[in-house]
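Next comes structure_16.cif, with mmCIF, C-alpha atoms and all ligand atoms.
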```cif
data_entry
#
loop_
_atom_site.label_atom_id
_atom_site.label_comp_id
_atom_site.auth_asym_id
_atom_site.auth_seq_id
_atom_site.Cartn_x
_atom_site.Cartn_y
_atom_site.Cartn_z
CA MET W 1 5.52 -19.89 2.96
CA ALA W 2 6.08 -17.38 5.78
CA ARG W 3 5.55 -13.84 4.59
CA THR W 4 6.66 -10.93 6.78
CA PRO W 5 3.58 -8.76 7.27
CA ILE W 6 3.81 -5.14 6.24
CA ILE W 7 1.88 -2.32 7.85
CA ALA W 8 2.07 1.03 6.09
CA GLY W 9 0.63 4.40 7.05
CA ASN W 10 -0.56 6.56 4.17
CA TRP W 11 -0.56 10.10 5.53
CA LYS W 12 -2.15 11.44 2.32
CA MET W 13 -2.09 15.30 2.23
CA ASN W 14 -1.60 15.62 5.99
CA ASN W 15 1.31 16.66 8.23
CA THR W 16 3.76 19.47 7.66
CA ILE W 17 7.46 18.69 7.94
CA ALA W 18 7.44 19.56 11.65
CA GLN W 19 4.31 17.50 12.32
CA GLY W 20 5.66 14.53 10.37
CA VAL W 21 8.98 14.55 12.21
CA GLU W 22 7.18 14.85 15.55
CA LEU W 23 4.93 11.92 14.62
CA VAL W 24 7.75 9.53 13.70
CA LYS W 25 9.76 10.55 16.76
CA ALA W 26 6.79 9.59 18.92
CA LEU W 27 6.19 6.43 16.87
CA ALA W 28 9.75 5.04 16.83
CA PRO W 29 9.97 3.89 20.48
CA LEU W 30 6.44 2.47 20.31
CA VAL W 31 7.16 0.20 17.34
CA LYS W 32 10.82 -0.67 17.95
CA ASP W 33 10.04 -4.32 18.68
CA ALA W 34 7.59 -4.78 15.81
CA THR W 35 7.60 -8.14 14.06
CA VAL W 36 6.18 -6.61 10.89
CA ASP W 37 7.72 -4.24 8.35
CA VAL W 38 6.70 -0.71 9.36
CA VAL W 39 6.33 2.01 6.73
CA VAL W 40 5.17 5.63 6.85
CA CYS W 41 4.27 7.50 3.66
CA PRO W 42 4.48 11.28 4.15
CA THR W 43 3.76 13.96 1.56
CA ALA W 44 6.58 14.82 -0.83
CA THR W 45 7.64 17.93 1.11
CA ALA W 46 8.17 15.94 4.33
CA LEU W 47 9.87 12.88 2.81
CA SER W 48 13.42 14.07 3.28
CA SER W 49 13.04 15.25 6.88
CA VAL W 50 11.05 12.18 7.91
CA ALA W 51 13.64 9.89 6.28
CA ALA W 52 16.36 11.65 8.29
CA ALA W 53 14.30 11.39 11.49
CA VAL W 54 13.78 7.60 11.17
CA LYS W 55 17.45 6.80 10.48
CA GLY W 56 18.59 4.07 12.85
CA THR W 57 15.02 2.92 13.59
CA ASN W 58 13.00 0.07 12.05
CA ILE W 59 10.64 2.52 10.32
CA HIS W 60 10.82 2.66 6.53
CA VAL W 61 9.71 5.59 4.44
CA GLY W 62 7.43 5.39 1.42
CA ALA W 63 6.35 8.03 -1.10
CA GLN W 64 2.77 8.49 -2.26
CA ASN W 65 3.57 8.43 -5.99
CA VAL W 66 6.42 8.44 -8.51
CA HIS W 67 6.78 9.11 -12.23
CA TRP W 68 8.26 6.65 -14.70
CA GLU W 69 10.57 9.09 -16.52
CA ALA W 70 14.01 9.94 -15.10
CA ASN W 71 13.49 13.69 -15.52
CA GLY W 72 12.03 16.25 -17.89
CA ALA W 73 8.94 18.37 -18.50
CA PHE W 74 6.51 16.67 -16.10
CA THR W 75 5.32 19.46 -13.84
CA GLY W 76 4.33 18.31 -10.39
CA GLU W 77 5.89 14.85 -10.70
CA ILE W 78 8.80 13.23 -8.83
CA SER W 79 11.28 10.72 -10.27
CA THR W 80 12.65 7.51 -8.84
CA GLY W 81 16.13 9.06 -8.70
CA MET W 82 14.79 11.85 -6.50
CA LEU W 83 13.28 9.28 -4.14
CA ASN W 84 16.48 7.23 -4.14
CA GLU W 85 18.41 10.32 -3.10
CA ILE W 86 16.18 10.63 -0.02
CA GLY W 87 16.36 6.93 0.87
CA VAL W 88 12.75 6.04 0.17
CA ASP W 89 12.12 2.26 0.21
CA TYR W 90 8.45 2.03 -0.87
CA VAL W 91 5.96 3.91 -3.00
CA VAL W 92 2.15 3.78 -2.93
CA LEU W 93 0.84 3.54 -6.49
CA GLY W 94 -2.64 3.60 -8.00
CA HIS W 95 -4.40 4.68 -4.82
CA SER W 96 -8.12 5.12 -5.53
CA GLU W 97 -7.80 8.84 -4.75
CA ARG W 98 -5.15 9.14 -7.49
CA ARG W 99 -7.34 7.15 -9.87
CA ASP W 100 -10.58 9.01 -9.04
CA TYR W 101 -9.39 12.60 -8.60
CA PHE W 102 -6.30 12.75 -10.81
CA GLY W 103 -7.19 10.44 -13.68
CA GLU W 104 -4.56 7.80 -13.01
CA THR W 105 -4.98 4.76 -15.26
CA ASP W 106 -4.03 1.10 -15.04
CA GLU W 107 -1.43 1.72 -17.74
CA GLY W 108 0.10 4.61 -15.80
CA VAL W 109 0.16 2.56 -12.60
CA ASN W 110 2.02 -0.18 -14.48
CA LYS W 111 4.60 2.27 -15.84
CA ARG W 112 5.12 3.82 -12.41
CA ALA W 113 5.42 0.39 -10.77
CA ARG W 114 7.98 -0.86 -13.27
CA ALA W 115 10.09 2.28 -12.95
CA ALA W 116 9.97 2.15 -9.15
CA PHE W 117 10.90 -1.53 -9.01
CA ALA W 118 13.77 -1.01 -11.46
CA ALA W 119 15.07 1.73 -9.16
CA GLY W 120 14.97 -0.53 -6.10
CA ILE W 121 11.83 1.03 -4.61
CA THR W 122 9.12 -1.46 -3.69
CA PRO W 123 5.74 -0.54 -5.18
CA ILE W 124 2.65 -0.88 -2.98
CA ILE W 125 0.11 -1.30 -5.77
CA CYS W 126 -3.43 -0.36 -4.78
CA CYS W 127 -6.58 -1.85 -6.21
CA GLY W 128 -10.20 -1.89 -5.13
CA GLU W 129 -13.79 -1.54 -6.24
CA SER W 130 -16.42 1.17 -5.83
CA LEU W 131 -19.64 0.50 -3.95
CA GLU W 132 -21.45 0.30 -7.29
CA ILE W 133 -19.15 -2.48 -8.53
CA ARG W 134 -19.40 -4.28 -5.19
CA GLU W 135 -23.18 -4.23 -5.36
CA ALA W 136 -23.18 -5.37 -8.99
CA GLY W 137 -21.21 -8.43 -7.82
CA THR W 138 -18.33 -7.97 -10.31
CA TYR W 139 -15.75 -6.82 -7.75
CA ILE W 140 -13.40 -9.79 -8.10
CA ASP W 141 -13.19 -9.41 -11.89
CA HIS W 142 -12.62 -5.68 -11.45
CA VAL W 143 -9.81 -6.05 -8.91
CA VAL W 144 -8.12 -8.91 -10.79
CA ALA W 145 -8.18 -6.84 -14.00
CA GLN W 146 -6.54 -3.91 -12.15
CA ILE W 147 -3.83 -6.20 -10.79
CA ASN W 148 -3.20 -7.99 -14.08
CA ALA W 149 -2.77 -4.61 -15.78
CA ALA W 150 -0.49 -3.28 -13.04
CA LEU W 151 1.75 -6.37 -13.22
CA GLU W 152 2.08 -6.42 -17.01
CA GLY W 153 5.72 -6.92 -18.08
CA PHE W 154 7.02 -7.99 -14.65
CA GLU W 155 8.95 -11.26 -14.27
CA ALA W 156 7.69 -13.83 -11.75
CA ALA W 157 10.76 -13.36 -9.53
CA GLU W 158 10.05 -9.62 -9.42
CA VAL W 159 6.35 -10.08 -8.66
CA ALA W 160 7.36 -12.09 -5.60
CA LYS W 161 8.86 -8.93 -4.11
CA LEU W 162 5.92 -6.59 -4.71
CA VAL W 163 3.21 -5.47 -2.31
CA ILE W 164 -0.45 -5.22 -3.28
CA ALA W 165 -3.01 -3.29 -1.23
CA TYR W 166 -6.63 -4.30 -1.64
CA GLU W 167 -8.66 -1.24 -0.66
CA PRO W 168 -12.40 -1.34 -1.33
CA ILE W 169 -13.22 2.31 -2.07
CA TRP W 170 -16.41 2.13 -0.03
CA ALA W 171 -14.34 1.35 3.07
CA ILE W 172 -11.74 4.13 2.72
CA GLY W 173 -12.16 6.94 5.22
CA THR W 174 -15.76 5.95 5.80
CA GLY W 175 -15.36 4.07 9.06
CA LYS W 176 -16.95 1.14 7.21
CA THR W 177 -14.37 -1.66 7.35
CA ALA W 178 -14.87 -4.66 5.09
CA THR W 179 -15.61 -7.78 7.11
CA PHE W 180 -12.69 -10.16 7.55
CA GLU W 181 -14.43 -12.56 5.20
CA GLN W 182 -14.81 -9.86 2.53
CA ALA W 183 -11.14 -8.87 2.85
CA GLU W 184 -9.99 -12.49 2.73
CA GLU W 185 -12.19 -13.36 -0.26
CA VAL W 186 -10.62 -10.66 -2.44
CA CYS W 187 -7.04 -11.05 -1.15
CA LYS W 188 -7.30 -14.79 -1.89
CA ALA W 189 -8.64 -14.07 -5.40
CA ILE W 190 -5.71 -11.69 -6.01
CA ARG W 191 -3.23 -14.38 -4.90
CA GLU W 192 -4.90 -16.91 -7.20
CA ALA W 193 -4.72 -14.47 -10.11
CA VAL W 194 -1.01 -13.93 -9.42
CA ALA W 195 -0.50 -17.72 -9.34
CA LYS W 196 -2.29 -18.09 -12.68
CA LYS W 197 -0.15 -15.46 -14.39
CA PHE W 198 3.20 -15.81 -12.61
CA GLY W 199 3.19 -19.21 -10.90
CA GLN W 200 2.67 -20.47 -7.35
CA GLU W 201 6.07 -19.38 -6.04
CA ALA W 202 5.43 -15.72 -6.86
CA ALA W 203 1.89 -15.98 -5.47
CA ASP W 204 3.13 -17.50 -2.21
CA ALA W 205 5.69 -14.72 -1.77
CA ILE W 206 3.82 -11.57 -2.79
CA ARG W 207 2.44 -9.61 0.15
CA ILE W 208 -1.19 -8.49 0.02
CA GLN W 209 -2.44 -5.83 2.41
CA TYR W 210 -5.98 -4.84 3.22
CA GLY W 211 -6.83 -1.15 3.50
CA GLY W 212 -10.00 0.67 4.44
CA SER W 213 -10.75 2.15 7.88
CA VAL W 214 -8.33 -0.21 9.66
CA LYS W 215 -8.30 0.59 13.40
CA PRO W 216 -6.54 -0.84 16.48
CA ALA W 217 -9.76 -2.70 17.26
CA THR W 218 -10.01 -4.41 13.86
CA ILE W 219 -6.41 -5.30 12.97
CA LYS W 220 -6.05 -8.49 15.01
CA ASP W 221 -8.86 -10.43 13.37
CA LEU W 222 -7.88 -9.10 9.97
CA MET W 223 -4.34 -10.38 10.36
CA GLN W 224 -5.63 -13.85 11.15
CA GLN W 225 -6.90 -14.20 7.58
CA PRO W 226 -4.54 -16.49 5.65
CA ASN W 227 -4.22 -14.24 2.61
CA VAL W 228 -3.98 -10.88 4.40
CA ASP W 229 -0.34 -9.93 4.97
CA GLY W 230 -0.75 -6.51 6.50
CA ALA W 231 -2.60 -3.25 6.19
CA LEU W 232 -2.46 0.08 4.43
CA VAL W 233 -3.74 2.54 7.00
CA GLY W 234 -4.97 6.07 6.33
CA GLY W 235 -6.66 8.01 9.15
CA ALA W 236 -5.41 5.83 11.99
CA SER W 237 -1.78 6.29 10.87
CA LEU W 238 -1.86 9.98 11.81
CA LYS W 239 -1.68 9.29 15.54
CA ALA W 240 1.42 7.55 16.90
CA GLN W 241 -0.58 5.74 19.57
CA ASP W 242 -3.19 4.34 17.16
CA PHE W 243 -0.70 3.40 14.47
CA SER W 244 1.61 1.71 16.98
CA GLN W 245 -1.30 -0.35 18.30
CA ILE W 246 -2.04 -1.48 14.75
CA VAL W 247 1.63 -2.32 14.13
CA ASN W 248 1.87 -4.22 17.43
CA TYR W 249 -1.45 -6.07 16.98
C1 LIG J 301 -6.22 4.65 2.50
O1 LIG J 301 -6.63 5.62 1.92
O2 LIG J 301 -5.23 4.05 2.07
C2 LIG J 301 -6.96 4.19 3.68
C3 LIG J 301 -6.97 2.93 3.92
O3 LIG J 301 -7.59 5.16 4.43
P1 LIG J 301 -8.43 4.92 5.80
O4 LIG J 301 -7.64 3.97 6.65
O5 LIG J 301 -8.57 6.29 6.40
O6 LIG J 301 -9.75 4.32 5.38
#
```

In structure tokens, what does this structure look like?
Amino acid sequence: MARTPIIAGNWKMNNTIAQGVELVKALAPLVKDATVDVVVCPTATALSSVAAAVKGTNIHVGAQNVHWEANGAFTGEISTGMLNEIGVDYVVLGHSERRDYFGETDEGVNKRARAAFAAGITPIICCGESLEIREAGTYIDHVVAQINAALEGFEAAEVAKLVIAYEPIWAIGTGKTATFEQAEEVCKAIREAVAKKFGQEAADAIRIQYGGSVKPATIKDLMQQPNVDGALVGGASLKAQDFSQIVNY
């Protein structure tokens, strides 16, 4: 089945409103003919202005997190309704930085993903192993367990519309990209796990990105892997030129 690749830039805690708007204004003409879905994920403060700046372009906006409750006493959180109001199409969930620094759990990722999907926002669900787990050789079990937990309670037809980002923690921001074989091995295992739990149709449709030090020089070979449907890009998404080269691989 033909899956439209998706390339998303995770800006993390970078770019003020002015810098974010400037970045997407520079990016828009460079990616206007892209054959992939293009997404930028600014910080919460810049979401609204960036969404306004990309109106009429092929750039989609994603948030970096969302809470599962509609409103209430959840200091520091943002609801799906608030993202809907801005016109956000995607949300990054369960990034390793959220899991490692802010105590996010598989259960929380699942609740956030279900709330986002129900609100019409496509979750980009992150998974990935530490260097320790990689070296112990249990990385596939670890990643599959993260994904099975994140997808708990979803219907097969819904799973088909989700995005998963496989991001080995040892490759994030380190300049150490996983080899194409390493990326493909885990993305394939994720697709097989989805097939086992939700059936082949959902597995054939779900999009699986690789993330971890993706650069203009590495994207082409990565995208030739049969189970890699795009990339989640951190550092290289902060420069319009670099990110556009990745998008236009
Ligand atoms: C990320 O954190 O999602 C990421 C992939 O970062 P980088 O590209 O900088 O490794």

Using all atoms listed in the file, which residues sit within 12 Å of region 105-117 of chain W once same-chain residues fewer than 6 positions away are excluded, as an mmCIF file with C-alpha atoms, in the coordinates of the input?
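Result file follows (part32.cif):
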```
data_model
loop_
_atom_site.group_PDB
_atom_site.id
_atom_site.type_symbol
_atom_site.label_atom_id
_atom_site.label_comp_id
_atom_site.auth_asym_id
_atom_site.auth_seq_id
_atom_site.Cartn_x
_atom_site.Cartn_y
_atom_site.Cartn_z
ATOM 1 C CA GLY W 62 7.430 5.390 1.420
ATOM 2 C CA ALA W 63 6.350 8.030 -1.100
ATOM 3 C CA GLN W 64 2.770 8.490 -2.260
ATOM 4 C CA ASN W 65 3.570 8.430 -5.990
ATOM 5 C CA VAL W 66 6.420 8.440 -8.510
ATOM 6 C CA HIS W 67 6.780 9.110 -12.230
ATOM 7 C CA TRP W 68 8.260 6.650 -14.700
ATOM 8 C CA GLU W 69 10.570 9.090 -16.520
ATOM 9 C CA ALA W 70 14.010 9.940 -15.100
ATOM 10 C CA GLU W 77 5.890 14.850 -10.700
ATOM 11 C CA ILE W 78 8.800 13.230 -8.830
ATOM 12 C CA SER W 79 11.280 10.720 -10.270
ATOM 13 C CA THR W 80 12.650 7.510 -8.840
ATOM 14 C CA GLY W 81 16.130 9.060 -8.700
ATOM 15 C CA MET W 82 14.790 11.850 -6.500
ATOM 16 C CA LEU W 83 13.280 9.280 -4.140
ATOM 17 C CA ASN W 84 16.480 7.230 -4.140
ATOM 18 C CA VAL W 88 12.750 6.040 0.170
ATOM 19 C CA ASP W 89 12.120 2.260 0.210
ATOM 20 C CA TYR W 90 8.450 2.030 -0.870
ATOM 21 C CA VAL W 91 5.960 3.910 -3.000
ATOM 22 C CA VAL W 92 2.150 3.780 -2.930
ATOM 23 C CA LEU W 93 0.840 3.540 -6.490
ATOM 24 C CA GLY W 94 -2.640 3.600 -8.000
ATOM 25 C CA HIS W 95 -4.400 4.680 -4.820
ATOM 26 C CA SER W 96 -8.120 5.120 -5.530
ATOM 27 C CA GLU W 97 -7.800 8.840 -4.750
ATOM 28 C CA ARG W 98 -5.150 9.140 -7.490
ATOM 29 C CA ARG W 99 -7.340 7.150 -9.870
ATOM 30 C CA PRO W 123 5.740 -0.540 -5.180
ATOM 31 C CA ILE W 124 2.650 -0.880 -2.980
ATOM 32 C CA ILE W 125 0.110 -1.300 -5.770
ATOM 33 C CA CYS W 126 -3.430 -0.360 -4.780
ATOM 34 C CA CYS W 127 -6.580 -1.850 -6.210
ATOM 35 C CA HIS W 142 -12.620 -5.680 -11.450
ATOM 36 C CA VAL W 143 -9.810 -6.050 -8.910
ATOM 37 C CA VAL W 144 -8.120 -8.910 -10.790
ATOM 38 C CA ALA W 145 -8.180 -6.840 -14.000
ATOM 39 C CA GLN W 146 -6.540 -3.910 -12.150
ATOM 40 C CA ILE W 147 -3.830 -6.200 -10.790
ATOM 41 C CA ASN W 148 -3.200 -7.990 -14.080
ATOM 42 C CA ALA W 149 -2.770 -4.610 -15.780
ATOM 43 C CA ALA W 150 -0.490 -3.280 -13.040
ATOM 44 C CA LEU W 151 1.750 -6.370 -13.220
ATOM 45 C CA GLU W 152 2.080 -6.420 -17.010
ATOM 46 C CA GLY W 153 5.720 -6.920 -18.080
ATOM 47 C CA PHE W 154 7.020 -7.990 -14.650
ATOM 48 C CA GLU W 155 8.950 -11.260 -14.270
ATOM 49 C CA ALA W 157 10.760 -13.360 -9.530
ATOM 50 C CA GLU W 158 10.050 -9.620 -9.420
ATOM 51 C CA VAL W 159 6.350 -10.080 -8.660
ATOM 52 C CA ALA W 160 7.360 -12.090 -5.600
ATOM 53 C CA LYS W 161 8.860 -8.930 -4.110
ATOM 54 C CA LEU W 162 5.920 -6.590 -4.710
ATOM 55 C CA VAL W 163 3.210 -5.470 -2.310
ATOM 56 C CA ILE W 164 -0.450 -5.220 -3.280
#
```

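Note that CA of Gly235 (chain W) and CA of Val186 (chain W) are 22.3 Å apart.
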
* Test item: residues no farther than 8 Å from ligand LIG 301 (chain J), counting all atoms listed in the file, as a list in words ->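 The distance check yields Gly9, Asn10, Lys12, His95, Ser96, Glu97, Glu167, Ala171, Ile172, Gly173, Thr174, Gly175, Thr177, Tyr210, Gly211, Gly212, Ser213, Val214, Lys215, Ala231, Leu232, Val233, Gly234, Gly235, Ala236 and Ser237 of chain W.
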
* Structure fact -> Between W:Thr57, W:Val247, W:Ala2, W:Glu85, smallest distance to Glu201 (chain W) by all atoms listed in the file belongs to W:Ala2

* To do: Could you tell me how far CA of Leu131 (chain W) lies from CA of Ala189 (chain W), in Å and to one decimal?
  => 18.3 Å

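CA of Ile246 (chain W) is positioned 8.2 Å from CA of Ala217 (chain W).
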
Pick out the residues sitting within 10 Å of Pro226 (chain W), and hand them over as a compact mmCIF listing (two decimals) with C-alpha atoms, in the frame of the given file; count only C-alpha atoms, and ignore anything fewer than 3 positions along from it in its own chain.
```txt
# COMPACT_ATOMS: atom_id res chain seq x y z
CA GLU W 184 -9.99 -12.49 2.73
CA CYS W 187 -7.04 -11.05 -1.15
CA LYS W 188 -7.30 -14.79 -1.89
CA LEU W 222 -7.88 -9.10 9.97
CA MET W 223 -4.34 -10.38 10.36
CA ASP W 229 -0.34 -9.93 4.97
```

* Which residue, W:Gly87, W:Pro216, W:Pro5, W:Gly72, has the smallest gap to Val38 (chain W) when you use only C-alpha atoms? ->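 Residue with the minimum atom-to-atom distance to Val38 (chain W): W:Pro5.
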
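Here the question is which of W:Val194, W:Ile59, W:Thr4, W:Trp11 gets nearest to Thr35 (chain W) using all atoms listed in the file, and that residue is W:Thr4.
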
* To do: Go through W:Ala156, W:Glu185, W:Gly120, W:Ala165 and flag the residue nearest Ala202 (chain W), using all atoms listed in the file for the distances.
  =>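 Under the stated criterion, the closest residue is W:Ala156.
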
* Using all atoms listed in the file, pick whichever of W:Asn58, W:Ala119, W:Ala73, W:Lys239 has the shortest atom-to-atom distance to Gln19 (chain W). =>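 Checking each of W:Asn58, W:Ala119, W:Ala73, W:Lys239 against Gln19 (chain W), counting all atoms listed in the file, the winner is W:Lys239.
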
* Structure fact -> Closest of W:Ala136, W:Ala53, W:Val40, W:Ile6 to Ala18 (chain W), counting only C-alpha atoms, is W:Ala53
